[in-house]
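The data block below is data.pdb; it holds PDB, C-alpha atoms.
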```pdb
MODEL        1
ATOM      1  CA  MET A   1    -179.398 101.279-119.147
ATOM      2  CA  ASN A   2    -177.991 102.840-122.207
ATOM      3  CA  GLU A   3    -174.674 102.296-123.905
ATOM      4  CA  ARG A   4    -173.090 105.394-122.388
ATOM      5  CA  SER A   5    -173.837 104.335-118.785
ATOM      6  CA  ILE A   6    -172.304 100.911-119.445
ATOM      7  CA  GLU A   7    -169.130 102.609-120.686
ATOM      8  CA  HIS A   8    -169.033 104.712-117.518
ATOM      9  CA  TYR A   9    -169.513 101.653-115.358
ATOM     10  CA  VAL A  10    -166.687  99.820-117.180
ATOM     11  CA  ALA A  11    -164.410 102.868-116.855
ATOM     12  CA  ILE A  12    -165.059 103.035-113.093
ATOM     13  CA  MET A  13    -164.283  99.335-112.810
ATOM     14  CA  ARG A  14    -160.969  99.865-114.645
ATOM     15  CA  LEU A  15    -160.017 102.731-112.354
ATOM     16  CA  GLU A  16    -160.622 100.599-109.283
ATOM     17  CA  GLY A  17    -158.549  97.733-110.750
ATOM     18  CA  TYR A  18    -161.322  95.187-111.243
ATOM     19  CA  ASP A  19    -160.268  94.490-114.820
ATOM     20  CA  ARG A  20    -156.924  92.988-113.742
ATOM     21  CA  LEU A  21    -156.552  89.578-112.283
ATOM     22  CA  THR A  22    -154.223  89.905-109.348
ATOM     23  CA  ILE A  23    -153.107  86.687-107.766
ATOM     24  CA  PRO A  24    -150.297  86.875-105.248
ATOM     25  CA  LYS A  25    -147.325  84.661-106.075
ATOM     26  CA  TRP A  26    -147.369  83.053-102.632
ATOM     27  CA  SER A  27    -150.910  81.747-103.223
ATOM     28  CA  ILE A  28    -149.779  79.964-106.395
ATOM     29  CA  LEU A  29    -146.967  78.380-104.405
ATOM     30  CA  VAL A  30    -149.425  77.310-101.698
ATOM     31  CA  VAL A  31    -151.740  75.701-104.269
ATOM     32  CA  ILE A  32    -148.843  73.826-105.898
ATOM     33  CA  LEU A  33    -147.590  72.598-102.512
ATOM     34  CA  ALA A  34    -151.099  71.502-101.518
ATOM     35  CA  VAL A  35    -151.526  69.505-104.748
ATOM     36  CA  LEU A  36    -148.106  67.884-104.309
ATOM     37  CA  SER A  37    -148.935  67.040-100.698
ATOM     38  CA  VAL A  38    -152.218  65.402-101.650
ATOM     39  CA  LEU A  39    -150.531  63.380-104.402
ATOM     40  CA  SER A  40    -147.744  62.320-102.019
ATOM     41  CA  LEU A  41    -150.212  61.203 -99.347
ATOM     42  CA  TRP A  42    -152.226  59.302-101.944
ATOM     43  CA  ARG A  43    -149.083  57.524-103.183
ATOM     44  CA  ALA A  44    -148.002  56.730 -99.616
ATOM     45  CA  ALA A  45    -151.453  55.277 -98.882
ATOM     46  CA  ILE A  46    -151.233  53.047-101.965
ATOM     47  CA  LEU A  47    -147.739  51.854-101.010
ATOM     48  CA  PHE A  48    -148.899  51.107 -97.455
ATOM     49  CA  TRP A  49    -151.937  49.185 -98.758
ATOM     50  CA  ARG A  50    -149.729  47.087-101.040
ATOM     51  CA  TRP A  51    -147.268  46.436 -98.200
ATOM     52  CA  TRP A  52    -150.053  45.434 -95.810
ATOM     53  CA  ASN A  53    -151.633  43.006 -98.296
ATOM     54  CA  ARG A  54    -148.439  41.495 -99.687
ATOM     55  CA  PRO A  55    -148.198  37.721 -99.831
ATOM     56  CA  ILE A  56    -146.719  35.814 -96.926
ATOM     57  CA  VAL A  57    -143.060  35.203 -97.700
ATOM     58  CA  SER A  58    -141.816  34.517 -94.203
ATOM     59  CA  PRO A  59    -141.778  30.837 -93.117
ATOM     60  CA  LYS A  60    -142.663  31.887 -89.554
ATOM     61  CA  ARG A  61    -145.648  33.950 -90.709
ATOM     62  CA  LEU A  62    -146.753  31.089 -92.947
ATOM     63  CA  PHE A  63    -146.482  28.644 -90.044
ATOM     64  CA  ARG A  64    -148.578  30.909 -87.798
ATOM     65  CA  ALA A  65    -151.160  31.378 -90.566
ATOM     66  CA  LEU A  66    -151.395  27.629 -91.217
ATOM     67  CA  CYS A  67    -151.733  26.879 -87.494
ATOM     68  CA  ASP A  68    -154.443  29.515 -87.153
ATOM     69  CA  GLN A  69    -156.257  28.163 -90.206
ATOM     70  CA  HIS A  70    -156.246  24.621 -88.770
ATOM     71  CA  GLY A  71    -157.110  25.805 -85.251
ATOM     72  CA  LEU A  72    -153.959  24.456 -83.588
ATOM     73  CA  ASN A  73    -153.252  25.514 -80.028
ATOM     74  CA  HIS A  74    -149.837  26.328 -78.541
ATOM     75  CA  ALA A  75    -149.084  22.745 -77.457
ATOM     76  CA  GLU A  76    -149.946  21.394 -80.918
ATOM     77  CA  ARG A  77    -147.727  24.013 -82.531
ATOM     78  CA  ASN A  78    -144.879  22.919 -80.276
ATOM     79  CA  ILE A  79    -145.398  19.311 -81.364
ATOM     80  CA  LEU A  80    -145.064  20.352 -85.000
ATOM     81  CA  GLN A  81    -141.908  22.295 -84.158
ATOM     82  CA  GLN A  82    -140.442  19.232 -82.400
ATOM     83  CA  ILE A  83    -141.217  16.906 -85.311
ATOM     84  CA  ALA A  84    -139.623  19.362 -87.730
ATOM     85  CA  ALA A  85    -136.541  19.736 -85.514
ATOM     86  CA  GLU A  86    -136.104  15.945 -85.439
ATOM     87  CA  GLY A  87    -136.115  15.802 -89.218
ATOM     88  CA  THR A  88    -134.324  19.134 -89.811
ATOM     89  CA  PHE A  89    -136.926  20.514 -92.225
ATOM     90  CA  ASP A  90    -139.328  23.419 -92.217
ATOM     91  CA  PRO A  91    -142.419  22.728 -90.061
ATOM     92  CA  ASN A  92    -144.620  24.050 -92.860
ATOM     93  CA  PHE A  93    -143.949  20.864 -94.821
ATOM     94  CA  LEU A  94    -145.778  18.869 -92.135
ATOM     95  CA  PHE A  95    -149.025  20.395 -93.387
ATOM     96  CA  ILE A  96    -148.600  18.945 -96.888
ATOM     97  CA  ASP A  97    -146.535  15.755 -96.610
ATOM     98  CA  PRO A  98    -147.863  13.053 -94.211
ATOM     99  CA  GLU A  99    -144.771  10.896 -94.816
ATOM    100  CA  LEU A 100    -142.619  13.375 -92.895
ATOM    101  CA  TRP A 101    -144.437  12.419 -89.692
ATOM    102  CA  ASP A 102    -142.992   8.884 -89.693
ATOM    103  CA  ARG A 103    -139.316   9.744 -90.109
ATOM    104  CA  LYS A 104    -138.346   9.079 -86.491
ATOM    105  CA  PRO A 105    -140.392   7.018 -84.016
ATOM    106  CA  ALA A 106    -142.019   9.089 -81.314
ATOM    107  CA  PRO A 107    -141.606   8.351 -77.604
ATOM    108  CA  PRO A 108    -144.690   6.573 -76.205
ATOM    109  CA  GLU A 109    -145.799   9.608 -74.147
ATOM    110  CA  MET A 110    -145.722  11.823 -77.270
ATOM    111  CA  ASP A 111    -147.239   9.275 -79.665
ATOM    112  CA  GLN A 112    -150.842   9.971 -78.604
ATOM    113  CA  GLN A 113    -150.410  13.749 -78.979
ATOM    114  CA  ARG A 114    -148.767  13.376 -82.386
ATOM    115  CA  ARG A 115    -151.612  11.173 -83.613
ATOM    116  CA  ALA A 116    -154.176  13.704 -82.423
ATOM    117  CA  VAL A 117    -152.434  16.519 -84.314
ATOM    118  CA  PHE A 118    -152.041  14.329 -87.402
ATOM    119  CA  GLU A 119    -155.768  13.497 -87.366
ATOM    120  CA  LYS A 120    -156.604  17.160 -86.915
ATOM    121  CA  LEU A 121    -154.583  18.067 -90.006
ATOM    122  CA  PHE A 122    -155.284  15.133 -92.318
ATOM    123  CA  GLY A 123    -158.501  13.654 -90.942
ATOM    124  CA  GLU A 124    -157.121  10.123 -90.623
ATOM    125  CA  SER A 125    -154.747   8.154 -88.448
ATOM    126  CA  PRO A 126    -151.108   7.922 -89.505
ATOM    127  CA  ARG A 127    -149.995   4.696 -91.180
ATOM    128  CA  ALA A 128    -148.270   2.172 -88.993
ATOM    129  CA  SER A 129    -144.537   2.031 -89.674
TER     130      SER A 129
ENDMDL
END
```
Go ahead and render the structure in this file as structure tokens.
Amino acid sequence: MNERSIEHYVAIMRLEGYDRLTIPKWSILVVILAVLSVLSLWRAAILFWRWWNRPIVSPKRLFRALCDQHGLNHAERNILQQIAAEGTFDPNFLFIDPELWDRKPAPPEMDQQRRAVFEKLFGESPRAS
């Protein structure tokens, strides 16, 4: 191919419009909207992940998590709720302070159940009052 044939080829290309870059304006808008959509979805996914893995700040959620961690059944959870209601404090404190268990004497029929829950949580029998 000589230099003259290359010039002819380039001239034909110019006549047919191949030397101009023609991008429709709507396609630019579509690309921008697609990029913004992807970034928005990514940000929403990050916010959802942070929300899902946030620390437990609800006393009820903490109580459920502590009961699940210690393997307490529904009846044992109710016992903890009753002890907390007698002393007017949060039942979560029963997991960390053994002295709260002896605030008010338990009825004889509940004493055995309370001792069983206490031993399950602390691994020892409660002190005699």
As a PyMOL selection string, please: the residues near A:Gln81 (cut-off 10 Å, all atoms listed in the file, same-chain neighbours under 6 positions excluded).
chain A and resi 63+75+88-92+94
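Of note, atom CA of A:Ala84 and atom CA of A:Pro98 are spaced 12.2 Å apart.
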List as a PyMOL selection string the protein and nucleic acid residues near A:Leu62, meaning an atom at most 12 Å away when only C-alpha atoms are counted, but skip any in the same chain fewer than 4 places from it.
chain A and resi 55-58+66-69+90-93+95
Export, as a PDB file, in the coordinates of the input, the selected residues with C-alpha atoms.
```
ATOM      1  CA  PRO A  55    -148.198  37.721 -99.831  1.00  0.00           C
ATOM      2  CA  ILE A  56    -146.719  35.814 -96.926  1.00  0.00           C
ATOM      3  CA  VAL A  57    -143.060  35.203 -97.700  1.00  0.00           C
ATOM      4  CA  SER A  58    -141.816  34.517 -94.203  1.00  0.00           C
ATOM      5  CA  LEU A  66    -151.395  27.629 -91.217  1.00  0.00           C
ATOM      6  CA  CYS A  67    -151.733  26.879 -87.494  1.00  0.00           C
ATOM      7  CA  ASP A  68    -154.443  29.515 -87.153  1.00  0.00           C
ATOM      8  CA  GLN A  69    -156.257  28.163 -90.206  1.00  0.00           C
ATOM      9  CA  ASP A  90    -139.328  23.419 -92.217  1.00  0.00           C
ATOM     10  CA  PRO A  91    -142.419  22.728 -90.061  1.00  0.00           C
ATOM     11  CA  ASN A  92    -144.620  24.050 -92.860  1.00  0.00           C
ATOM     12  CA  PHE A  93    -143.949  20.864 -94.821  1.00  0.00           C
ATOM     13  CA  PHE A  95    -149.025  20.395 -93.387  1.00  0.00           C
TER      14      PHE A  95
END
```
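If only C-alpha atoms are the atoms counted, then among A:Ile96, A:Ile83, A:Met110, A:Ala34 the closest residue to A:Phe122 is A:Ile96.
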Long-range neighbours of stretch 102-104 of chain A as JSON, numbers by chain, 8 Å cut-off, only C-alpha atoms, 2 positions minimum in chain
{"A": [86, 87, 98, 99, 100, 106, 129]}
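Pairwise distance (atom CA of A:Pro108, atom CA of A:Asn78) equals 16.8 Å.
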note - atom CA of A:Ile79 and atom CA of A:Arg115 are separated by 10.5 Å
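Residue membership of the PyMOL selection byres ((chain A and resi 120) around 12) in the shown file amounts to Cys67, Gln69, His70, Gly71, Leu72, Asn73, Glu76, Phe95, Gln113, Arg114, Arg115, Ala116, Val117, Phe118, Glu119, Leu121, Phe122, Gly123, Glu124, Ser125 and Pro126 of chain A.
Considering only C-alpha atoms, the residue among A:Val10, A:Ile46, A:Leu41, A:Ala65 positioned nearest to A:Arg77 is A:Ala65.
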